[in-house]
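Chemist: Provided herewith: run17.txt, compact mmCIF, C-alpha atoms and all ligand atoms.
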# COMPACT_ATOMS: atom_id res chain seq x y z
CA MET A 1 -4.37 18.04 -5.90
CA ILE A 2 -1.87 15.99 -3.94
CA GLU A 3 -0.38 17.30 -0.71
CA LEU A 4 3.07 15.87 -0.01
CA PHE A 5 4.31 15.91 3.59
CA SER A 6 8.03 15.51 3.32
CA ALA A 7 11.60 16.42 4.13
CA ASN A 8 14.72 16.65 1.98
CA THR A 9 15.79 13.01 2.34
CA PRO A 10 16.04 10.04 -0.06
CA ASN A 11 12.63 8.70 1.00
CA GLY A 12 11.16 12.17 0.59
CA LYS A 13 12.70 12.63 -2.86
CA LYS A 14 11.22 9.37 -4.17
CA ILE A 15 7.77 10.90 -4.09
CA SER A 16 8.58 14.35 -5.46
CA ILE A 17 10.38 12.62 -8.36
CA MET A 18 7.35 10.37 -9.00
CA LEU A 19 4.94 13.31 -8.88
CA GLU A 20 7.10 15.18 -11.40
CA GLU A 21 7.36 12.07 -13.59
CA ILE A 22 3.58 11.65 -13.79
CA GLY A 23 2.99 15.39 -14.11
CA TYR A 24 0.63 15.70 -11.15
CA LYS A 25 0.09 19.04 -9.44
CA TYR A 26 1.24 18.90 -5.84
CA LYS A 27 1.84 21.06 -2.85
CA VAL A 28 4.71 20.34 -0.45
CA THR A 29 4.20 20.66 3.29
CA LYS A 30 7.57 20.56 5.00
CA VAL A 31 7.95 18.33 8.05
CA ASP A 32 10.96 19.58 10.01
CA LEU A 33 12.47 16.35 11.35
CA ASP A 34 15.15 18.17 13.36
CA LYS A 35 12.48 20.12 15.21
CA GLY A 36 10.36 16.99 15.80
CA ASP A 37 7.38 17.99 13.61
CA GLN A 38 6.93 14.28 12.83
CA PHE A 39 5.82 13.63 16.44
CA LYS A 40 3.05 16.25 16.46
CA SER A 41 -0.36 14.68 17.03
CA ASP A 42 -1.88 15.95 13.77
CA PHE A 43 0.95 14.40 11.77
CA LYS A 44 0.81 11.14 13.72
CA LYS A 45 -2.84 10.80 12.67
CA ILE A 46 -1.68 10.41 9.05
CA SER A 47 1.67 8.73 9.76
CA PRO A 48 1.41 6.10 12.50
CA PHE A 49 5.21 5.66 12.80
CA SER A 50 5.91 9.42 12.62
CA LYS A 51 7.78 9.15 9.34
CA ILE A 52 7.82 11.10 6.11
CA PRO A 53 6.76 10.82 3.32
CA VAL A 54 2.97 10.92 3.46
CA ILE A 55 0.54 12.11 0.81
CA ILE A 56 -3.05 13.24 0.94
CA ASP A 57 -4.97 12.91 -2.30
CA HIS A 58 -7.49 15.66 -1.53
CA LYS A 59 -9.66 14.83 -4.54
CA LYS A 60 -10.19 11.31 -3.29
CA ASN A 61 -9.93 12.14 0.41
CA GLN A 62 -7.22 9.47 0.69
CA THR A 63 -4.17 9.51 2.96
CA ILE A 64 -1.19 7.21 2.30
CA PHE A 65 1.99 6.64 4.31
CA GLU A 66 5.08 4.48 3.42
CA SER A 67 6.98 5.53 0.30
CA GLY A 68 6.57 2.16 -1.47
CA ALA A 69 2.80 2.22 -0.95
CA ILE A 70 2.69 5.83 -2.16
CA LEU A 71 4.64 4.96 -5.31
CA ILE A 72 2.26 2.07 -6.05
CA TYR A 73 -0.77 4.30 -5.45
CA LEU A 74 0.51 7.04 -7.77
CA ALA A 75 1.53 4.49 -10.40
CA ASP A 76 -1.94 2.93 -10.28
CA GLN A 77 -3.64 6.31 -10.49
CA SER A 78 -1.53 7.53 -13.39
CA GLY A 79 -1.02 4.22 -15.20
CA LYS A 80 2.71 4.91 -15.37
CA PHE A 81 5.95 3.15 -14.36
CA TYR A 82 4.22 -0.01 -13.00
CA HIS A 83 3.30 -2.02 -16.05
CA GLN A 84 0.68 -4.67 -15.42
CA ASN A 85 2.60 -7.39 -17.30
CA ASN A 86 5.83 -6.83 -15.35
CA ARG A 87 4.49 -6.38 -11.81
CA LEU A 88 6.12 -9.45 -10.31
CA GLU A 89 9.57 -8.21 -11.38
CA ILE A 90 8.88 -4.61 -10.36
CA ASN A 91 7.50 -5.70 -6.97
CA GLN A 92 10.66 -7.67 -6.18
CA TRP A 93 13.02 -4.77 -6.87
CA LEU A 94 10.72 -2.31 -5.14
CA MET A 95 10.43 -4.49 -2.02
CA ALA A 96 14.20 -5.08 -2.04
CA GLN A 97 14.68 -1.32 -1.96
CA MET A 98 12.13 -0.85 0.81
CA GLY A 99 13.27 -3.74 2.99
CA TYR A 100 17.02 -3.82 2.33
CA VAL A 101 18.69 -1.14 0.20
CA GLY A 102 17.13 1.87 1.98
CA PRO A 103 17.35 0.60 5.56
CA MET A 104 20.96 -0.62 5.18
CA LEU A 105 22.24 2.51 3.44
CA GLY A 106 20.35 4.48 6.08
CA GLN A 107 22.32 2.71 8.82
CA HIS A 108 25.52 3.41 6.88
CA HIS A 109 24.60 7.11 6.90
CA GLN A 110 24.16 6.94 10.68
CA PHE A 111 27.44 5.19 11.48
CA HIS A 112 29.73 6.49 8.73
CA HIS A 113 28.44 9.97 7.91
CA TYR A 114 26.76 11.34 11.03
CA ASN A 115 28.51 9.49 13.85
CA SER A 116 31.87 8.29 12.60
CA GLY A 117 34.31 7.29 15.32
CA LYS A 118 31.56 6.17 17.72
CA SER A 119 31.27 2.51 16.80
CA LYS A 120 33.87 0.61 14.79
CA PHE A 121 31.57 -2.40 14.67
CA GLY A 122 28.65 -0.35 13.24
CA GLU A 123 30.86 1.48 10.76
CA ASP A 124 32.49 -1.71 9.46
CA ARG A 125 29.25 -3.67 9.34
CA TYR A 126 27.25 -1.13 7.33
CA PHE A 127 30.17 -0.15 5.11
CA LYS A 128 30.53 -3.81 4.13
CA ILE A 129 26.79 -4.27 3.55
CA SER A 130 26.57 -1.04 1.55
CA LYS A 131 29.50 -2.11 -0.64
CA ARG A 132 27.72 -5.43 -1.27
CA ILE A 133 24.59 -3.49 -2.26
CA TYR A 134 26.61 -1.51 -4.83
CA GLU A 135 28.12 -4.75 -6.15
CA ASP A 136 24.76 -6.52 -6.35
CA LEU A 137 23.05 -3.60 -8.06
CA ASP A 138 25.96 -3.34 -10.48
CA GLU A 139 25.66 -7.04 -11.27
CA ARG A 140 21.93 -6.70 -11.92
CA LEU A 141 22.43 -3.67 -14.12
CA ALA A 142 25.04 -5.53 -16.18
CA VAL A 143 22.23 -7.71 -17.52
CA SER A 144 19.26 -5.37 -17.31
CA LYS A 145 18.87 -1.78 -18.50
CA PHE A 146 16.78 -0.81 -15.48
CA LEU A 147 16.24 -2.73 -12.24
CA SER A 148 13.08 -4.51 -13.37
CA GLY A 149 13.92 -4.92 -17.05
CA ASN A 150 14.01 -2.68 -20.09
CA GLU A 151 11.69 -0.02 -18.73
CA TYR A 152 12.19 2.65 -16.08
CA THR A 153 9.77 1.87 -13.23
CA ILE A 154 8.87 2.77 -9.65
CA ALA A 155 11.64 0.38 -8.52
CA ASP A 156 14.22 2.69 -10.13
CA ILE A 157 12.47 5.77 -8.74
CA ALA A 158 12.64 4.24 -5.23
CA THR A 159 16.31 3.27 -5.50
CA PHE A 160 17.78 6.30 -7.27
CA PRO A 161 17.66 8.85 -4.41
CA TRP A 162 19.54 6.42 -2.16
CA ILE A 163 22.38 5.99 -4.65
CA ALA A 164 22.34 9.76 -5.07
CA ARG A 165 23.77 9.91 -1.54
CA HIS A 166 26.90 8.18 -2.90
CA GLU A 167 29.21 10.94 -1.66
CA TRP A 168 28.25 10.03 1.92
CA HIS A 169 28.86 6.33 1.23
CA ASP A 170 32.56 6.66 0.29
CA ILE A 171 32.35 3.49 -1.76
CA GLY A 172 33.21 5.10 -5.08
CA LEU A 173 30.21 4.96 -7.40
CA SER A 174 32.35 5.47 -10.52
CA LYS A 175 34.06 2.11 -9.89
CA PHE A 176 30.71 0.44 -10.61
CA LYS A 177 30.31 0.80 -14.34
CA ASN A 178 26.74 -0.49 -14.76
CA LEU A 179 25.39 1.23 -11.68
CA THR A 180 27.01 4.48 -12.90
CA ARG A 181 25.45 4.08 -16.35
CA TRP A 182 22.01 3.62 -14.75
CA TYR A 183 22.59 6.50 -12.30
CA ASN A 184 23.73 8.93 -15.01
CA GLU A 185 20.82 8.10 -17.25
CA ILE A 186 18.26 8.68 -14.49
CA SER A 187 20.06 11.82 -13.28
CA MET A 188 19.48 13.44 -16.67
CA ARG A 189 15.68 13.02 -16.69
CA VAL A 190 13.97 16.40 -16.49
CA ALA A 191 11.42 15.15 -13.92
CA VAL A 192 14.18 13.70 -11.76
CA ILE A 193 16.09 16.98 -11.76
CA LYS A 194 12.90 18.85 -10.77
CA GLY A 195 11.81 16.34 -8.16
CA PHE A 196 15.30 16.10 -6.68
CA SER A 197 15.38 19.82 -5.97
CA PHE A 198 11.88 20.02 -4.49
CA MET A 199 13.15 21.52 -1.24
CA ASN A 200 16.38 23.10 -2.37
CA GLU A 201 16.11 24.64 -5.79
CA ASN A 202 19.78 24.38 -6.73
CA GLU A 203 20.32 20.80 -5.60
CA LEU A 204 21.32 18.39 -8.37
CA PRO A 205 22.08 14.67 -8.16
CA PRO A 206 25.82 14.63 -7.42
CA LYS A 207 28.04 13.36 -10.23
CA PRO A 208 29.68 9.92 -9.72
N1 LIG A 301 9.81 2.84 5.31
C1 LIG A 301 9.54 4.25 5.39
C2 LIG A 301 10.74 4.93 5.97
C3 LIG A 301 10.52 6.41 6.10
C4 LIG A 301 11.61 7.07 6.90
O1 LIG A 301 12.50 6.42 7.47
N2 LIG A 301 11.56 8.39 6.97
C5 LIG A 301 12.53 9.14 7.76
C6 LIG A 301 13.20 10.20 6.90
S1 LIG A 301 13.98 9.49 5.49
C7 LIG A 301 11.81 9.85 8.89
O2 LIG A 301 10.70 10.31 8.72
N3 LIG A 301 12.47 9.94 10.05
C8 LIG A 301 11.94 10.65 11.17
C9 LIG A 301 12.02 9.88 12.45
O3 LIG A 301 12.21 8.66 12.40
O4 LIG A 301 11.87 10.48 13.50
C10 LIG A 301 9.22 4.78 3.99
O5 LIG A 301 9.88 4.35 3.06
O6 LIG A 301 8.33 5.63 3.85
Just give me the structure as structure tokens.
Modeler:
Amino acid sequence: MIELFSANTPNGKKISIMLEEIGYKYKVTKVDLDKGDQFKSDFKKISPFSKIPVIIDHKKNQTIFESGAILIYLADQSGKFYHQNNRLEINQWLMAQMGYVGPMLGQHHQFHHYNSGKSKFGEDRYFKISKRIYEDLDERLAVSKFLSGNEYTIADIATFPWIARHEWHDIGLSKFKNLTRWYNEISMRVAVIKGFSFMNENELPPKP
């Protein structure tokens, strides 16, 4: 049994989607970020930077923080979505999500969605970077069915919930034909629909 410590955010959804995709039984423990649950000493013991998501694999007595590391762990355990012969490609797109796509879109959320009007510099900077991310992903998906090739992998699972916040981005997902094709295909997966709504049962990936 896996225990997932999470909140209803893109990083949180990556792991519920993965757990649904591999068909593992899991229990969700909500970490209320607005109330500061992430800073409680018991949580800090399993998450040194006070961030969700974290999992505990109770069967193996193993705790894991950082969504990319969790995805790799679950992929290794289940033998799914992280094919041995394509790891170099998958690692690149997964690391690009972890180190660039997520953090930059996250800043765009801060300046454009939550705090618009407070910093023109911040709003312009992250809008521009986010638009470039859409363009670059669209370019990649013009020549590749999924981010790391022909197969759906943990790189797609990591990236999808961030693009699913497209309504906050105001960039216009539907203008990006290849990214939209990829997004629509993933949105229709049964496991994605279930994992996406892990904290809000009626929540669906918003249409482009
Ligand atoms: N690199 C981390 C980022 C995790 C992260 O930023 N989590 C946010 C929610 S999406 C969080 O826990 N924020 C609480 C805080 O910083 O106080 C990962 O991918 O797991």
Chemist: For each of A:Tyr152, A:Phe160, A:Glu139, A:Phe121, take the minimum atom-to-atom distance to A:Asn184, counting all atoms listed in the file, then give the residue where this is smallest.
Modeler: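 Among A:Tyr152, A:Phe160, A:Glu139, A:Phe121, it is A:Phe160 that comes nearest to A:Asn184.
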Chemist: Residues within 9 Å of A:His108, please, as a list in words. Count only C-alpha atoms; anything in the same chain fewer than 2 positions from it doesn't count.
Modeler: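 Neighbouring residues, sequence-local ones excluded: Pro103, Met104, Leu105, Gly106, Gln110, Phe111, His112, His113, Gly122, Glu123, Arg125, Tyr126, Phe127, Ile129, Ser130, Trp168 and His169 of chain A.
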Chemist: Write as an mmCIF file with C-alpha atoms, in the frame of the given file the residues around ligand LIG 301 (chain A), taking 6 Å as the cut-off and counting all atoms listed in the file.
Modeler:
data_model
loop_
_atom_site.group_PDB
_atom_site.id
_atom_site.type_symbol
_atom_site.label_atom_id
_atom_site.label_comp_id
_atom_site.auth_asym_id
_atom_site.auth_seq_id
_atom_site.Cartn_x
_atom_site.Cartn_y
_atom_site.Cartn_z
ATOM 1 C CA THR A 9 15.790 13.010 2.340
ATOM 2 C CA PRO A 10 16.040 10.040 -0.060
ATOM 3 C CA ASN A 11 12.630 8.700 1.000
ATOM 4 C CA LEU A 33 12.470 16.350 11.350
ATOM 5 C CA LYS A 51 7.780 9.150 9.340
ATOM 6 C CA ILE A 52 7.820 11.100 6.110
ATOM 7 C CA PRO A 53 6.760 10.820 3.320
ATOM 8 C CA GLU A 66 5.080 4.480 3.420
ATOM 9 C CA SER A 67 6.980 5.530 0.300
#
Chemist: With only C-alpha atoms as the atoms that count, which of A:Ala75, A:Val192, A:Val101, A:Leu204 lies nearest to A:Trp162?
Modeler: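 Selected residue with least distance to A:Trp162: A:Val101.
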Chemist: Identify, on the basis of all atoms listed in the file, every residue whose closest approach to A:Ile46 does not exceed 10 Å; exclude the query and any residue fewer than 4 positions from it along the same chain; express the result as a PDB file with C-alpha atoms, in the frame of the given file.
Modeler:
ATOM      1  CA  PHE A   5       4.310  15.910   3.590  1.00  0.00           C
ATOM      2  CA  SER A  41      -0.360  14.680  17.030  1.00  0.00           C
ATOM      3  CA  ASP A  42      -1.880  15.950  13.770  1.00  0.00           C
ATOM      4  CA  SER A  50       5.910   9.420  12.620  1.00  0.00           C
ATOM      5  CA  LYS A  51       7.780   9.150   9.340  1.00  0.00           C
ATOM      6  CA  ILE A  52       7.820  11.100   6.110  1.00  0.00           C
ATOM      7  CA  VAL A  54       2.970  10.920   3.460  1.00  0.00           C
ATOM      8  CA  ILE A  55       0.540  12.110   0.810  1.00  0.00           C
ATOM      9  CA  ILE A  56      -3.050  13.240   0.940  1.00  0.00           C
ATOM     10  CA  THR A  63      -4.170   9.510   2.960  1.00  0.00           C
ATOM     11  CA  ILE A  64      -1.190   7.210   2.300  1.00  0.00           C
ATOM     12  CA  PHE A  65       1.990   6.640   4.310  1.00  0.00           C
TER      13      PHE A  65
END
Chemist: Go through A:Pro208, A:Asn202, A:Ile72, A:Ser197 and flag the residue nearest A:Tyr183, using all atoms listed in the file for the distances.
Modeler: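 Checking each candidate against A:Tyr183, we get A:Pro208 as the closest.
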Chemist: So that each row is one residue of stretch 33-141 of chain A with an atom at most 9 Å from stretch 21-25 of chain A, can you give its shortest atom pair and the distance in Å to one decimal, using only C-alpha atoms, rows by chain and rising number, as CSV?
Modeler:
residue,atom,partner,partner_atom,distance
A:Leu74,CA,A:Ile22,CA,8.2
A:Ala75,CA,A:Ile22,CA,8.2
A:Ser78,CA,A:Ile22,CA,6.6
A:Gly79,CA,A:Ile22,CA,8.9
A:Lys80,CA,A:Ile22,CA,7.0
A:Phe81,CA,A:Ile22,CA,8.8
Chemist: Might you pull out every residue within 12 Å of stretch 84-86 of chain A, with only C-alpha atoms counted and same-chain residues fewer than 5 positions away left off, and present them as a PyMOL selection string?
Modeler: chain A and resi 72+75-76+79+91-93+147-155
Chemist: Please determine, counting all atoms listed in the file, which residue among A:Leu141, A:Ala96, A:Ile133, A:Val28 has the shortest atom-to-atom distance to A:Gly68.
Modeler: A:Ala96
Chemist: Tell me which protein, DNA and RNA residues are within 12 Å of A:Lys175, counting all atoms listed in the file, leaving out same-chain ones fewer than 5 positions away, and put them as a list in words.
Modeler: Lys131, Tyr134, Glu135, Asp138, His166, Asp170, Thr180, Arg181 and Pro208 of chain A
Chemist: Hey, which of A:Pro206, A:Gly172, A:Glu167, A:Met199 ends up closest to A:Val31? Count only C-alpha atoms.
Modeler: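 That would be A:Met199, the residue with the smallest distance to A:Val31.
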Chemist: What does the distance from atom CA of A:Ile193 to atom CA of A:Phe146 come to in Å, to one decimal?
Modeler: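 Between these atoms lies a distance of 18.2 Å.
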